[in-house]
Each structure stands twice: as C-alpha cells, then as structure tokens.
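Chemist: Pasting query28.txt here (compact mmCIF, C-alpha atoms and all ligand atoms):
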```txt
# COMPACT_ATOMS: atom_id res chain seq x y z
CA MET F 88 -37.44 51.09 -64.68
CA LEU F 89 -36.07 48.63 -67.18
CA ARG F 90 -34.01 51.38 -68.76
CA ALA F 91 -32.60 52.43 -65.37
CA GLU F 92 -31.53 48.86 -64.65
CA SER F 93 -29.80 48.42 -67.95
CA VAL F 94 -27.97 51.71 -67.48
CA LEU F 95 -26.88 50.52 -64.05
CA THR F 96 -25.56 47.24 -65.50
CA TYR F 97 -23.67 49.09 -68.17
CA SER F 98 -22.08 51.46 -65.68
CA ALA F 99 -21.18 48.51 -63.44
CA MET F 100 -19.14 47.18 -66.34
CA GLN F 101 -16.51 44.69 -65.29
CA LYS F 102 -12.90 45.11 -66.10
CA SER F 103 -11.78 42.85 -68.95
CA VAL F 104 -9.68 39.84 -67.97
CA ILE F 105 -7.44 40.77 -70.91
CA ALA F 106 -4.67 43.21 -70.00
CA GLU F 107 -5.05 46.52 -71.86
CA GLU F 108 -1.55 46.38 -73.35
CA ARG F 109 -2.29 43.01 -74.97
CA ALA F 110 -5.54 44.18 -76.59
CA SER F 111 -4.10 47.50 -77.75
CA GLY F 112 -1.35 45.71 -79.65
CA VAL F 113 -3.94 43.91 -81.80
CA GLY F 114 -5.37 45.15 -85.12
CA LEU F 115 -8.43 44.10 -87.11
CA THR F 116 -8.21 43.39 -90.84
CA LYS F 117 -10.82 44.51 -93.37
CA GLU F 118 -12.27 41.00 -93.44
CA GLU F 119 -12.44 40.92 -89.68
CA LEU F 120 -14.20 44.29 -89.55
CA GLN F 121 -16.81 42.81 -91.89
CA ARG F 122 -17.03 39.45 -90.18
CA TYR F 123 -17.58 41.00 -86.75
CA SER F 124 -19.61 44.02 -87.88
CA ARG F 125 -22.66 43.03 -85.75
CA HIS F 126 -20.41 43.13 -82.70
CA LEU F 127 -18.68 46.36 -83.67
CA ILE F 128 -21.85 48.42 -84.00
CA MET F 129 -22.81 47.73 -80.39
CA PRO F 130 -21.52 50.51 -78.11
CA GLU F 131 -20.81 47.90 -75.40
CA VAL F 132 -18.39 46.05 -77.68
CA THR F 133 -16.98 48.24 -80.50
CA ALA F 134 -13.58 47.59 -82.05
CA GLU F 135 -12.06 47.79 -78.55
CA GLY F 136 -14.07 44.80 -77.35
CA GLN F 137 -13.41 42.90 -80.56
CA LYS F 138 -9.67 43.44 -80.13
CA ARG F 139 -9.92 42.03 -76.61
CA LEU F 140 -11.64 38.98 -78.09
CA LYS F 141 -8.89 38.65 -80.68
CA ALA F 142 -6.21 38.95 -78.01
CA ALA F 143 -7.98 36.38 -75.81
CA ARG F 144 -7.07 32.73 -75.35
CA VAL F 145 -9.83 30.38 -74.20
CA LEU F 146 -9.48 26.70 -73.32
CA CYS F 147 -12.38 24.25 -73.67
CA ILE F 148 -11.90 21.15 -71.55
CA GLY F 149 -13.71 18.53 -73.62
CA ALA F 150 -15.00 18.68 -77.19
CA GLY F 151 -18.26 16.99 -76.29
CA GLY F 152 -21.78 18.11 -75.38
CA LEU F 153 -20.84 21.36 -73.65
CA GLY F 154 -17.59 22.01 -75.50
CA SER F 155 -19.27 21.76 -78.91
CA PRO F 156 -21.60 24.78 -78.72
CA ALA F 157 -19.15 26.73 -76.56
CA ALA F 158 -16.27 26.27 -79.03
CA LEU F 159 -18.45 26.96 -82.07
CA TYR F 160 -19.71 30.29 -80.71
CA LEU F 161 -16.34 31.33 -79.32
CA ALA F 162 -14.79 30.67 -82.73
CA ALA F 163 -17.58 32.56 -84.45
CA ALA F 164 -17.18 35.46 -82.00
CA GLY F 165 -13.51 35.81 -82.92
CA VAL F 166 -11.69 34.57 -79.82
CA GLY F 167 -8.09 34.77 -81.08
CA LYS F 168 -6.86 31.48 -79.73
CA LEU F 169 -9.12 28.56 -78.93
CA GLY F 170 -7.62 25.55 -77.19
CA LEU F 171 -9.32 22.18 -76.97
CA VAL F 172 -8.34 19.30 -74.77
CA ASP F 173 -9.83 15.86 -75.36
CA PHE F 174 -8.59 12.36 -76.16
CA ASP F 175 -11.78 10.61 -77.30
CA ARG F 176 -12.89 9.49 -80.73
CA VAL F 177 -16.23 10.41 -82.27
CA GLU F 178 -18.87 7.73 -81.71
CA LEU F 179 -22.36 7.41 -83.14
CA THR F 180 -23.91 7.96 -79.69
CA ASN F 181 -22.18 11.38 -79.45
CA LEU F 182 -23.98 12.92 -82.41
CA GLN F 183 -27.30 13.37 -80.60
CA ARG F 184 -25.72 16.40 -78.82
CA GLN F 185 -22.05 16.93 -79.79
CA ILE F 186 -22.68 19.20 -82.77
CA LEU F 187 -19.02 19.90 -83.50
CA HIS F 188 -18.90 16.46 -85.11
CA GLY F 189 -20.76 14.91 -88.03
CA THR F 190 -21.66 11.43 -89.19
CA LYS F 191 -18.64 11.39 -91.52
CA ASP F 192 -16.40 11.94 -88.46
CA ILE F 193 -17.32 8.70 -86.66
CA GLY F 194 -14.10 6.98 -85.66
CA ARG F 195 -11.96 10.13 -86.06
CA SER F 196 -10.29 11.89 -83.16
CA LYS F 197 -12.69 14.46 -81.69
CA LEU F 198 -10.01 17.11 -81.82
CA GLU F 199 -9.33 16.71 -85.53
CA SER F 200 -13.03 16.70 -86.28
CA ALA F 201 -13.50 19.80 -84.10
CA ARG F 202 -10.58 21.61 -85.72
CA ASP F 203 -12.00 21.09 -89.23
CA ARG F 204 -15.43 22.38 -88.25
CA LEU F 205 -14.03 25.37 -86.34
CA ARG F 206 -11.65 26.30 -89.15
CA ASP F 207 -14.57 26.34 -91.54
CA MET F 208 -16.53 28.47 -89.08
CA ASN F 209 -13.70 30.99 -88.71
CA PRO F 210 -10.33 30.63 -90.47
CA GLU F 211 -9.08 33.84 -88.80
CA ILE F 212 -8.55 32.28 -85.38
CA GLU F 213 -5.81 30.03 -84.02
CA ILE F 214 -6.88 26.58 -82.85
CA GLU F 215 -4.63 24.63 -80.55
CA LEU F 216 -5.26 20.94 -79.95
CA HIS F 217 -4.18 19.23 -76.74
CA GLU F 218 -4.75 15.57 -77.51
CA CYS F 219 -4.25 14.16 -74.07
CA ARG F 220 -6.05 13.43 -70.86
CA PHE F 221 -6.51 16.59 -68.78
CA SER F 222 -4.65 15.19 -65.78
CA SER F 223 -2.71 16.28 -62.71
CA GLU F 224 0.44 15.95 -64.82
CA THR F 225 -0.72 18.02 -67.82
CA ALA F 226 -3.35 20.45 -66.50
CA GLN F 227 -1.22 23.25 -65.06
CA GLN F 228 0.96 23.57 -68.12
CA ILE F 229 -2.07 23.66 -70.44
CA VAL F 230 -4.06 26.14 -68.34
CA ALA F 231 -1.09 28.51 -68.12
CA GLU F 232 -1.51 29.29 -71.84
CA TYR F 233 -5.09 30.59 -71.47
CA ASP F 234 -7.07 33.50 -70.02
CA VAL F 235 -10.43 31.79 -69.46
CA ILE F 236 -11.19 28.09 -68.98
CA ILE F 237 -14.48 26.48 -70.02
CA ASP F 238 -15.05 23.29 -68.08
CA GLY F 239 -17.03 20.98 -70.35
CA SER F 240 -16.03 17.81 -68.56
CA ASP F 241 -18.47 15.11 -67.54
CA ASN F 242 -16.84 13.68 -64.43
CA PHE F 243 -15.98 14.80 -60.91
CA ALA F 244 -12.26 14.06 -61.06
CA THR F 245 -11.81 16.47 -63.99
CA ARG F 246 -14.08 19.09 -62.37
CA TYR F 247 -12.03 19.18 -59.17
CA LEU F 248 -8.81 19.22 -61.19
CA SER F 249 -10.04 22.02 -63.44
CA ASN F 250 -11.19 23.97 -60.38
CA ASP F 251 -7.95 23.59 -58.48
CA VAL F 252 -5.58 24.48 -61.31
CA CYS F 253 -7.73 27.53 -62.19
CA VAL F 254 -7.63 28.71 -58.55
CA PHE F 255 -3.83 28.21 -58.44
CA ALA F 256 -3.35 30.10 -61.73
CA GLU F 257 -6.01 32.77 -60.96
CA LYS F 258 -7.99 32.04 -64.12
CA PRO F 259 -11.80 32.18 -64.30
CA ASN F 260 -13.28 28.68 -64.61
CA VAL F 261 -16.63 28.73 -66.42
CA TYR F 262 -18.46 25.71 -65.08
CA GLY F 263 -21.30 23.80 -66.72
CA SER F 264 -23.05 20.52 -66.03
CA VAL F 265 -26.07 18.72 -67.42
CA PHE F 266 -28.28 15.91 -66.21
CA ARG F 267 -31.24 14.62 -68.23
CA PHE F 268 -33.47 17.75 -68.59
CA GLU F 269 -31.57 20.05 -66.25
CA GLY F 270 -28.35 21.98 -66.37
CA GLN F 271 -26.41 24.57 -64.44
CA THR F 272 -23.64 27.03 -64.96
CA THR F 273 -21.57 29.52 -62.97
CA VAL F 274 -18.16 31.19 -63.02
CA PHE F 275 -15.69 30.10 -60.37
CA ALA F 276 -13.17 32.86 -59.79
CA PRO F 277 -11.99 33.36 -56.17
CA HIS F 278 -9.44 35.94 -57.39
CA LEU F 279 -12.38 38.04 -58.67
CA GLY F 280 -14.34 37.68 -55.44
CA GLY F 281 -16.46 34.55 -55.96
CA PRO F 282 -16.30 31.04 -54.56
CA CYS F 283 -14.69 28.00 -56.15
CA TYR F 284 -16.14 24.55 -56.84
CA ARG F 285 -14.70 23.19 -53.59
CA CYS F 286 -16.38 25.95 -51.55
CA LEU F 287 -19.67 24.40 -52.71
CA PHE F 288 -18.68 20.75 -52.80
CA PRO F 289 -15.77 20.08 -50.41
CA GLU F 290 -16.24 16.33 -50.89
CA PRO F 291 -17.13 14.47 -54.09
CA PRO F 292 -20.27 12.32 -53.95
CA PRO F 293 -19.88 8.52 -53.71
CA PRO F 294 -19.01 7.42 -57.26
CA GLU F 295 -21.96 5.06 -57.79
CA SER F 296 -24.51 7.65 -56.59
CA VAL F 297 -24.00 9.96 -59.55
CA PRO F 298 -24.73 8.55 -62.99
CA ASN F 299 -23.19 10.24 -66.03
CA CYS F 300 -24.88 10.97 -69.37
CA ALA F 301 -24.21 7.45 -70.62
CA GLN F 302 -26.13 6.00 -67.67
CA ALA F 303 -28.84 8.57 -67.01
CA GLY F 304 -29.35 10.07 -70.45
CA VAL F 305 -29.54 13.72 -71.42
CA LEU F 306 -31.80 15.69 -73.73
CA GLY F 307 -29.46 16.45 -76.63
CA VAL F 308 -30.21 20.16 -76.83
CA LEU F 309 -29.69 20.72 -73.09
CA PRO F 310 -25.85 20.82 -73.20
CA GLY F 311 -26.37 23.14 -76.18
CA ILE F 312 -28.07 25.70 -73.95
CA ILE F 313 -25.64 25.35 -71.05
CA GLY F 314 -22.57 25.35 -73.35
CA MET F 315 -23.82 28.51 -75.03
CA LEU F 316 -24.32 30.17 -71.65
CA GLN F 317 -20.73 29.23 -70.83
CA SER F 318 -19.52 30.90 -74.02
CA ILE F 319 -21.55 34.03 -73.21
CA GLU F 320 -19.88 34.23 -69.80
CA ALA F 321 -16.42 33.82 -71.37
CA ILE F 322 -17.16 36.58 -73.88
CA LYS F 323 -18.43 38.95 -71.16
CA LEU F 324 -15.30 38.38 -69.06
CA ILE F 325 -13.11 39.07 -72.08
CA VAL F 326 -14.94 42.13 -73.43
CA GLY F 327 -15.46 43.39 -69.89
CA ILE F 328 -19.21 43.92 -69.97
CA GLY F 329 -22.21 43.01 -67.87
CA ASP F 330 -22.43 41.06 -64.65
CA PRO F 331 -20.62 37.75 -64.80
CA LEU F 332 -22.06 34.69 -63.04
CA ILE F 333 -19.48 35.01 -60.27
CA GLY F 334 -21.07 34.04 -56.95
CA ARG F 335 -24.29 33.06 -58.73
CA LEU F 336 -25.34 29.66 -60.04
CA LEU F 337 -27.87 29.58 -62.84
CA HIS F 338 -30.02 26.47 -62.96
CA PHE F 339 -32.13 25.62 -66.02
CA ASP F 340 -35.04 23.18 -66.08
CA ALA F 341 -35.99 22.38 -69.68
CA LEU F 342 -39.28 20.65 -68.81
CA LYS F 343 -40.58 23.64 -66.83
CA VAL F 344 -38.66 26.11 -69.02
CA GLN F 345 -37.49 27.76 -65.84
CA PHE F 346 -34.26 29.51 -64.91
CA ARG F 347 -33.47 29.84 -61.22
CA GLU F 348 -30.56 31.66 -59.67
CA LEU F 349 -28.81 30.63 -56.47
CA LYS F 350 -26.42 32.86 -54.56
CA LEU F 351 -23.11 31.16 -53.87
CA ARG F 352 -20.87 31.98 -50.95
CA ARG F 353 -17.18 31.56 -50.52
CA ASP F 354 -16.14 29.11 -47.79
CA PRO F 355 -13.37 30.59 -45.60
CA GLN F 356 -12.43 26.97 -44.71
CA CYS F 357 -12.02 26.01 -48.38
CA PRO F 358 -8.83 23.92 -48.78
CA VAL F 359 -7.82 25.68 -52.04
CA CYS F 360 -9.20 29.24 -51.90
CA GLY F 361 -9.91 29.69 -48.17
CA GLU F 362 -8.01 31.68 -45.55
CA ASN F 363 -5.67 28.83 -44.68
CA PRO F 364 -5.42 26.72 -47.81
CA THR F 365 -3.92 23.24 -47.53
CA ILE F 366 -3.81 22.27 -51.21
CA PHE F 367 -1.25 24.05 -53.39
CA ALA F 368 -0.73 21.59 -56.23
CA PRO F 369 -2.87 19.05 -58.11
CA ILE F 370 -3.70 15.92 -56.10
CA ASP F 371 -4.69 12.39 -57.20
CA TYR F 372 -8.25 13.16 -58.33
CA ASP F 373 -9.21 9.60 -59.25
CA GLN F 374 -8.45 8.54 -55.74
CA PHE F 375 -10.11 11.64 -54.23
CA CYS F 376 -13.30 10.90 -56.19
CA GLY F 377 -13.22 7.21 -55.31
CA ALA F 378 -12.86 6.05 -58.90
CA ARG F 379 -10.53 3.34 -57.66
CA ASP F 380 -9.16 1.78 -54.48
CA ASP F 381 -12.60 0.90 -53.14
CA ALA F 382 -11.64 -2.00 -50.89
CA SER F 383 -15.25 -3.13 -50.42
CA VAL F 384 -15.56 -3.89 -54.15
CA PRO F 385 -12.99 -6.39 -55.42
CA GLY F 386 -12.36 -5.86 -59.10
CA ILE F 387 -11.30 -7.94 -62.06
CA SER F 388 -9.92 -6.54 -65.29
CA VAL F 389 -11.28 -7.48 -68.71
CA GLN F 390 -7.97 -9.20 -69.45
CA GLU F 391 -8.31 -11.31 -66.29
CA LEU F 392 -11.87 -12.19 -67.25
CA LYS F 393 -10.75 -13.25 -70.72
CA ALA F 394 -8.03 -15.43 -69.19
CA LYS F 395 -10.62 -17.05 -66.86
CA MET F 396 -12.80 -17.82 -69.87
CA ASP F 397 -9.90 -19.20 -71.92
CA ALA F 398 -8.79 -21.38 -69.01
CA GLY F 399 -12.33 -22.80 -68.73
CA GLU F 400 -12.68 -21.73 -65.09
CA ALA F 401 -16.10 -22.10 -63.49
CA PHE F 402 -17.82 -18.80 -62.76
CA GLU F 403 -21.04 -17.01 -63.54
CA LEU F 404 -21.11 -13.71 -65.45
CA ILE F 405 -23.93 -11.38 -64.44
CA ASP F 406 -24.94 -8.34 -66.51
CA VAL F 407 -26.76 -5.73 -64.40
CA ARG F 408 -27.65 -3.31 -67.23
CA GLU F 409 -31.13 -2.71 -68.61
CA PRO F 410 -32.70 -5.01 -71.25
CA PHE F 411 -32.38 -2.37 -74.02
CA GLU F 412 -28.64 -2.16 -73.39
CA PHE F 413 -28.43 -5.96 -73.53
CA GLU F 414 -30.08 -5.73 -76.98
CA ILE F 415 -27.40 -3.32 -78.22
CA ALA F 416 -24.36 -5.18 -76.95
CA ARG F 417 -23.62 -8.19 -74.78
CA ILE F 418 -20.80 -10.43 -73.65
CA ASP F 419 -21.44 -14.08 -74.52
CA ARG F 420 -22.76 -16.23 -71.69
CA ALA F 421 -23.71 -13.24 -69.50
CA LYS F 422 -26.96 -13.59 -67.54
CA LEU F 423 -29.06 -10.43 -67.48
CA ILE F 424 -30.31 -9.27 -64.06
CA PRO F 425 -30.86 -5.47 -64.07
CA LEU F 426 -29.47 -3.68 -61.01
CA GLY F 427 -32.98 -2.85 -59.75
CA GLU F 428 -33.83 -6.57 -59.54
CA ILE F 429 -30.57 -7.88 -58.12
CA SER F 430 -31.69 -7.98 -54.47
CA GLU F 431 -34.93 -9.85 -55.08
CA ARG F 432 -33.39 -12.22 -57.63
CA ALA F 433 -30.24 -13.01 -55.63
CA ASP F 434 -31.66 -16.48 -54.86
CA GLU F 435 -31.25 -17.39 -58.54
CA LEU F 436 -27.50 -17.30 -57.92
CA ARG F 437 -25.44 -19.89 -56.05
CA ARG F 438 -23.53 -18.47 -53.09
CA GLU F 439 -20.57 -20.86 -53.46
CA GLN F 440 -20.15 -19.94 -57.15
CA THR F 441 -17.64 -17.29 -58.26
CA LEU F 442 -19.58 -14.35 -59.69
CA VAL F 443 -18.31 -11.67 -62.05
CA VAL F 444 -20.67 -8.71 -62.37
CA HIS F 445 -20.56 -6.23 -65.21
CA CYS F 446 -22.46 -3.19 -66.49
CA HIS F 447 -21.67 -0.46 -69.05
CA SER F 448 -18.69 1.21 -67.36
CA GLY F 449 -18.31 -0.49 -63.97
CA ARG F 450 -20.31 1.77 -61.64
CA ARG F 451 -23.66 0.02 -61.47
CA SER F 452 -21.90 -3.32 -61.19
CA ALA F 453 -19.87 -1.98 -58.23
CA GLN F 454 -23.15 -1.24 -56.50
CA ALA F 455 -24.42 -4.73 -57.39
CA VAL F 456 -21.26 -6.26 -55.88
CA ARG F 457 -21.93 -4.41 -52.62
CA LEU F 458 -25.55 -5.59 -52.55
CA LEU F 459 -24.55 -9.20 -53.21
CA LYS F 460 -21.85 -9.09 -50.52
CA GLN F 461 -24.45 -7.84 -48.04
CA ARG F 462 -26.49 -10.92 -48.98
CA GLY F 463 -23.68 -13.30 -48.16
CA PHE F 464 -21.97 -13.78 -51.52
CA ALA F 465 -18.25 -14.09 -50.82
CA ASN F 466 -16.70 -14.61 -54.27
CA VAL F 467 -18.10 -11.71 -56.22
CA TYR F 468 -16.04 -9.42 -58.47
CA ASN F 469 -16.70 -6.21 -60.37
CA LEU F 470 -15.63 -6.12 -64.01
CA GLU F 471 -13.61 -2.89 -64.16
CA GLY F 472 -14.57 -0.63 -67.06
CA GLY F 473 -17.58 -2.80 -67.90
CA ILE F 474 -18.61 -3.89 -71.37
CA ASP F 475 -17.06 -0.66 -72.68
CA ALA F 476 -13.58 -1.88 -71.70
CA TRP F 477 -14.41 -5.37 -73.01
CA SER F 478 -15.14 -3.82 -76.40
CA ASP F 479 -12.00 -1.63 -76.26
CA PHE F 480 -9.50 -4.28 -75.20
CA ILE F 481 -10.90 -7.77 -75.84
CA ASP F 482 -13.63 -7.94 -78.46
CA PRO F 483 -14.06 -4.92 -80.79
CA THR F 484 -17.05 -6.63 -82.47
CA VAL F 485 -19.09 -5.83 -79.33
CA PRO F 486 -20.74 -2.49 -80.25
CA LYS F 487 -20.06 0.57 -78.09
CA TYR F 488 -22.94 2.79 -77.12
ZN ZN F 501 -12.96 27.54 -52.63
```
Could you write out this file's structure as structure tokens?

Modeler:
Amino acid sequence: MLRAESVLTYSAMQKSVIAEERASGVGLTKEELQRYSRHLIMPEVTAEGQKRLKAARVLCIGAGGLGSPAALYLAAAGVGKLGLVDFDRVELTNLQRQILHGTKDIGRSKLESARDRLRDMNPEIEIELHECRFSSETAQQIVAEYDVIIDGSDNFATRYLSNDVCVFAEKPNVYGSVFRFEGQTTVFAPHLGGPCYRCLFPEPPPPESVPNCAQAGVLGVLPGIIGMLQSIEAIKLIVGIGDPLIGRLLHFDALKVQFRELKLRRDPQCPVCGENPTIFAPIDYDQFCGARDDASVPGISVQELKAKMDAGEAFELIDVREPFEFEIARIDRAKLIPLGEISERADELRREQTLVVHCHSGRRSAQAVRLLKQRGFANVYNLEGGIDAWSDFIDPTVPKY
C-alpha cells in the first residue's frame, strides 16, 4: 500500500517552475558533482534536478527566524542564486533562533552576517543582498529577479505585500509563520491552482490583537522547523517533484508533536486573485493593516516626549510592560502598571493629568490608551514605537531586547 502511494506521488510529479531551456544551459563542475552527490544518486533528482536548482533564483524575505534555516538549507542544496532582503542589525535577543548569525555578529547588519555564513556553507552559489525595507516601492522590482519567494516576515503588512506582488508576478510564495509553540506553512500560488493569502484572510486582524515574537515569545527551534519546511517546498517546486503544499496548510504543534493539514480554497471574490480583481498594484500596507492612522489612539513621538521632558512639562509616564521587561530596560521616571492591571489600577492615576503610555513597541500601550479613554481619561497619549524607539533615537544606553 505504502509502495503504491509513493509510486503514485512520483508519477504525479509536478512540472518544475524553472523553464527547461534555463536548466539545460547549466553545467555542473567536478566539485559540484561531489558536493551534491547525495542529491544526484536519487532518481527523483539526478543531475537534471541539480541543474534546475543551480539555475534557480530564490528570494528570502527576512534573514531572521524563518529565513535563517531556509537560507542555510537552500544554499547547501545548491540553489544558484539566493537573494536576501532585510534591513535589521543582529541583536543578542535574535540568537536564540536566528542561526544564520553568531555572537560575534552582534551589531553587524544581518545581511552581511548572513552572507559570510552562507558563503562558508557554499561558495559555489551567488548571494544577492537587498539591504532595504521590503516595501510597496521596492518589492516588485526585487521579486521580478526570482523564481520562488520565501516569506519569512514577522508582520502582516509585509505578508500582504509579499502575497500581492507574488500574485501579480505569478511567482510561488512559500508562506511560514510561528507563534510560541506553533507554526504553519503553505504555498500560495494562484497561477498554479491554489489560493492566495488574501483568499484566506481578506482583512488583517486589528493590530493590537496579534502579538509578534517580541511580545508573545517563541520557542527558538520552532521557526527552525517551519523555515526548513519552507525550504523543502521551494526545492520541490524547483526540482519538480512531489506534491507541493498548494491548497494545503500544514500546522505544527510542538507541544503535542502533531502535524495537521487543512485544505485551503480559493476565494472567487478575492481582490487580487479572484474572478474580478480590484487590486493590480501594491497598496499602502501600513495603513491597510492599521499600523498607523488610528484616530482613537492619539500618539506622541519619542522626540516629542523628550522635548516635553526637557521643557519640564507636567505629565505622567506609564509603562504597561511586564515587570521582567522593566528589569531589562526602563525610561527614567516611568511608573510600571502592566497592561493586565491597567483597568483595575486606573484610580491610581489622576484624570486631569496628561498621561503618556509606553510599552515595548507601541501596541500594548495603544490598547492601554483605549482602555483609559473608556474610563474617562481625556489627555492620554501613546508613545509611538515604545521603548524600542526611545533607545534607537533618544537614549542608546537603554538596552534593546
Ligand atoms: Zn486570492
């Protein structure tokens, strides 16, 4: 039975996403034949599959938790051109999961650190660095250079952007996401018959309802597993073997050690890949995802806060993070009231006083501002970018975490 199934899978082999004329123009050197010998001896891959890998160009969006294992294995597998897009620097808190980078790389650009590691892994391949924000302005031009896109981003704005530009350019978008002990992956490729990200999630969730890794935590090895699954999917699409995760979402629960598969359907009403699409070019994703322009939460920038302090203005600064975060880093004179206690402890605050509320990045504090406004506080402001921005722009001695 098992044998029959595997024969069926083999015969249902997908067509490679690499055009035959591109792969046939590629040769393998003696060193490459040796390096990839464990691929070449498999009848599903052979030199033909390896040449497709060498002809292939894969883009990893993000050189972080998901991008690290994906890029490492794609480099090792011999993907001819590997592109990375990121603009962050390596921080100590990254190293618990972002295995492209080492302790000696702290403070370096993630892309330079990644390039050094990947070159050591495989000097035969070409590595292209895109040191910029993957944005509506840059995304289409970058994606045009590649055959397969690995989305290793950690925010909704980039996910929608990555989805849309891949649909426009008819490139498979290998999706991955992680949250604490759980992760999921799928391949979005409407041009190959599956749905896109917007078919599943037409609207982004309210920004404060979805914490990222910095707020919720993640088991370090979890993005390792999901990122590796993403690289497997990319390799299958390129070699042209197996059943890709098109129209299927694989969910992994590390605590139960359980994989579950969900069937995904295309939405005919989808605004990018549906029957009557209404979106044909990148939109403003920050606005779409509510990252700014939330009229119910008045904001104040870190520069404005600094000016208030310097001018000796009267106001109270409230920190709504958790006590352990307060131990790591704090802004002088801030009063700690964790978000979960803000409603019951609101009476500790004076309603006529101006309040500035901050957290790590500005999301929890936005929620606190809403809660306080509901309780009759009129002069309450959210510190945009949180203590992270304070450390970046005002006081670099405040540790980042
Ligand atoms: Zn769609």

Chemist: May I have the residues within 12 Å of ligand ZN 501 (chain F), computed using all atoms listed in the file, as a ChimeraX atom specification?

Modeler: /F:247,250-255,275-278,280-290,334,351-366

Chemist: Work out how far apart CA of His217 in chain F and CA of Pro293 in chain F are and give it in Å to one decimal.

Modeler: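 So the two atoms, CA of His217 in chain F and CA of Pro293 in chain F, lie 29.9 Å apart.
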
Chemist: Which polymer residues, whether protein, DNA or RNA, lie within 12 Å of the coordinate (-13.4, -7.1, -76.7) when you count all atoms listed in the file? List them as a ChimeraX atom specification, using the chain letters and numbers from the file.

Modeler: /F:388-390,392-393,416-419,472-487

Chemist: Between F:Ser383, F:Gln454, F:Gln461, F:Asn209, single out the one closest to Arg438 in chain F, counting only C-alpha atoms.

Modeler: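 Of F:Ser383, F:Gln454, F:Gln461, F:Asn209, the one nearest Arg438 in chain F is F:Gln461, counting only C-alpha atoms.
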
Chemist: Which polymer residues have any atom within 6 Å of an atom of Asn260 in chain F, counting only C-alpha atoms, with same-chain residues fewer than 4 positions away left out, as a PyMOL selection string?

Modeler: chain F and resi 236-237+274-275

Chemist: Quick one: which range 139-179 of chain F residues come within 10 Å of range 104-115 of chain F, and what is the nearest atom pair for each with the distance in Å to one decimal, counting all atoms listed in the file, rows ordered by chain and ascending number, as a Markdown table?

Modeler:
```
| residue | atom | partner | partner_atom | distance |
| --- | --- | --- | --- | --- |
| F:Arg139 | CA | F:Ala110 | CA | 4.9 |
| F:Leu140 | CA | F:Ala110 | CA | 8.2 |
| F:Lys141 | CA | F:Val113 | CA | 7.3 |
| F:Ala142 | CA | F:Ala110 | CA | 5.5 |
| F:Ala143 | CA | F:Ile105 | CA | 6.6 |
| F:Arg144 | CA | F:Ile105 | CA | 9.2 |
```

Chemist: Counting all atoms listed in the file, figure out which residue out of F:Leu171, F:Leu248, F:Ile212, F:Leu442 gets nearest to Phe367 in chain F.

Modeler: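 Using all atoms listed in the file, Phe367 in chain F sits closest to F:Leu248.
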
Chemist: Smallest atom-to-atom distance to Glu471 in chain F: which of F:Val444, F:Ile387, F:Ala394, F:Ile370, using all atoms listed in the file?

Modeler: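 Counting all atoms listed in the file, the residue closest to Glu471 in chain F is F:Ile387.
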
Chemist: What does the distance from CA of Arg202 in chain F to CA of Val172 in chain F come to in Å, to one decimal?

Modeler: 11.4 Å

Chemist: Between CA of Ser155 in chain F and CA of Leu187 in chain F, what is the spacing in Å?

Modeler: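 These two atoms are separated by 5.0 Å.
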
Chemist: Complete range 247-258 of chain F at the level of N, CA and C atoms, written as a short mmCIF file (atom, residue, chain, number, x, y, z; two decimals), in the frame of the given file.

Modeler:
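Below is the file that was written, selection.cif:
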```cif
data_model
loop_
_atom_site.label_atom_id
_atom_site.label_comp_id
_atom_site.auth_asym_id
_atom_site.auth_seq_id
_atom_site.Cartn_x
_atom_site.Cartn_y
_atom_site.Cartn_z
N TYR F 247 -12.87 18.73 -60.28
CA TYR F 247 -12.03 19.18 -59.17
C TYR F 247 -10.66 19.62 -59.67
N LEU F 248 -10.12 18.87 -60.63
CA LEU F 248 -8.81 19.22 -61.19
C LEU F 248 -8.88 20.58 -61.87
N SER F 249 -9.89 20.75 -62.72
CA SER F 249 -10.04 22.02 -63.44
C SER F 249 -10.20 23.17 -62.44
N ASN F 250 -11.00 22.94 -61.40
CA ASN F 250 -11.19 23.97 -60.38
C ASN F 250 -9.86 24.33 -59.73
N ASP F 251 -9.15 23.32 -59.26
CA ASP F 251 -7.95 23.59 -58.48
C ASP F 251 -6.89 24.31 -59.30
N VAL F 252 -6.65 23.84 -60.53
CA VAL F 252 -5.58 24.48 -61.31
C VAL F 252 -5.98 25.91 -61.69
N CYS F 253 -7.29 26.16 -61.89
CA CYS F 253 -7.73 27.53 -62.19
C CYS F 253 -7.56 28.43 -60.97
N VAL F 254 -7.84 27.91 -59.77
CA VAL F 254 -7.63 28.71 -58.55
C VAL F 254 -6.14 29.01 -58.41
N PHE F 255 -5.28 27.99 -58.57
CA PHE F 255 -3.83 28.21 -58.44
C PHE F 255 -3.36 29.28 -59.41
N ALA F 256 -3.85 29.22 -60.67
CA ALA F 256 -3.35 30.10 -61.73
C ALA F 256 -4.14 31.41 -61.82
N GLU F 257 -5.16 31.57 -60.93
CA GLU F 257 -6.01 32.77 -60.96
C GLU F 257 -6.63 33.00 -62.33
N LYS F 258 -7.27 31.95 -62.84
CA LYS F 258 -7.99 32.04 -64.12
C LYS F 258 -9.47 31.74 -63.85
#
```
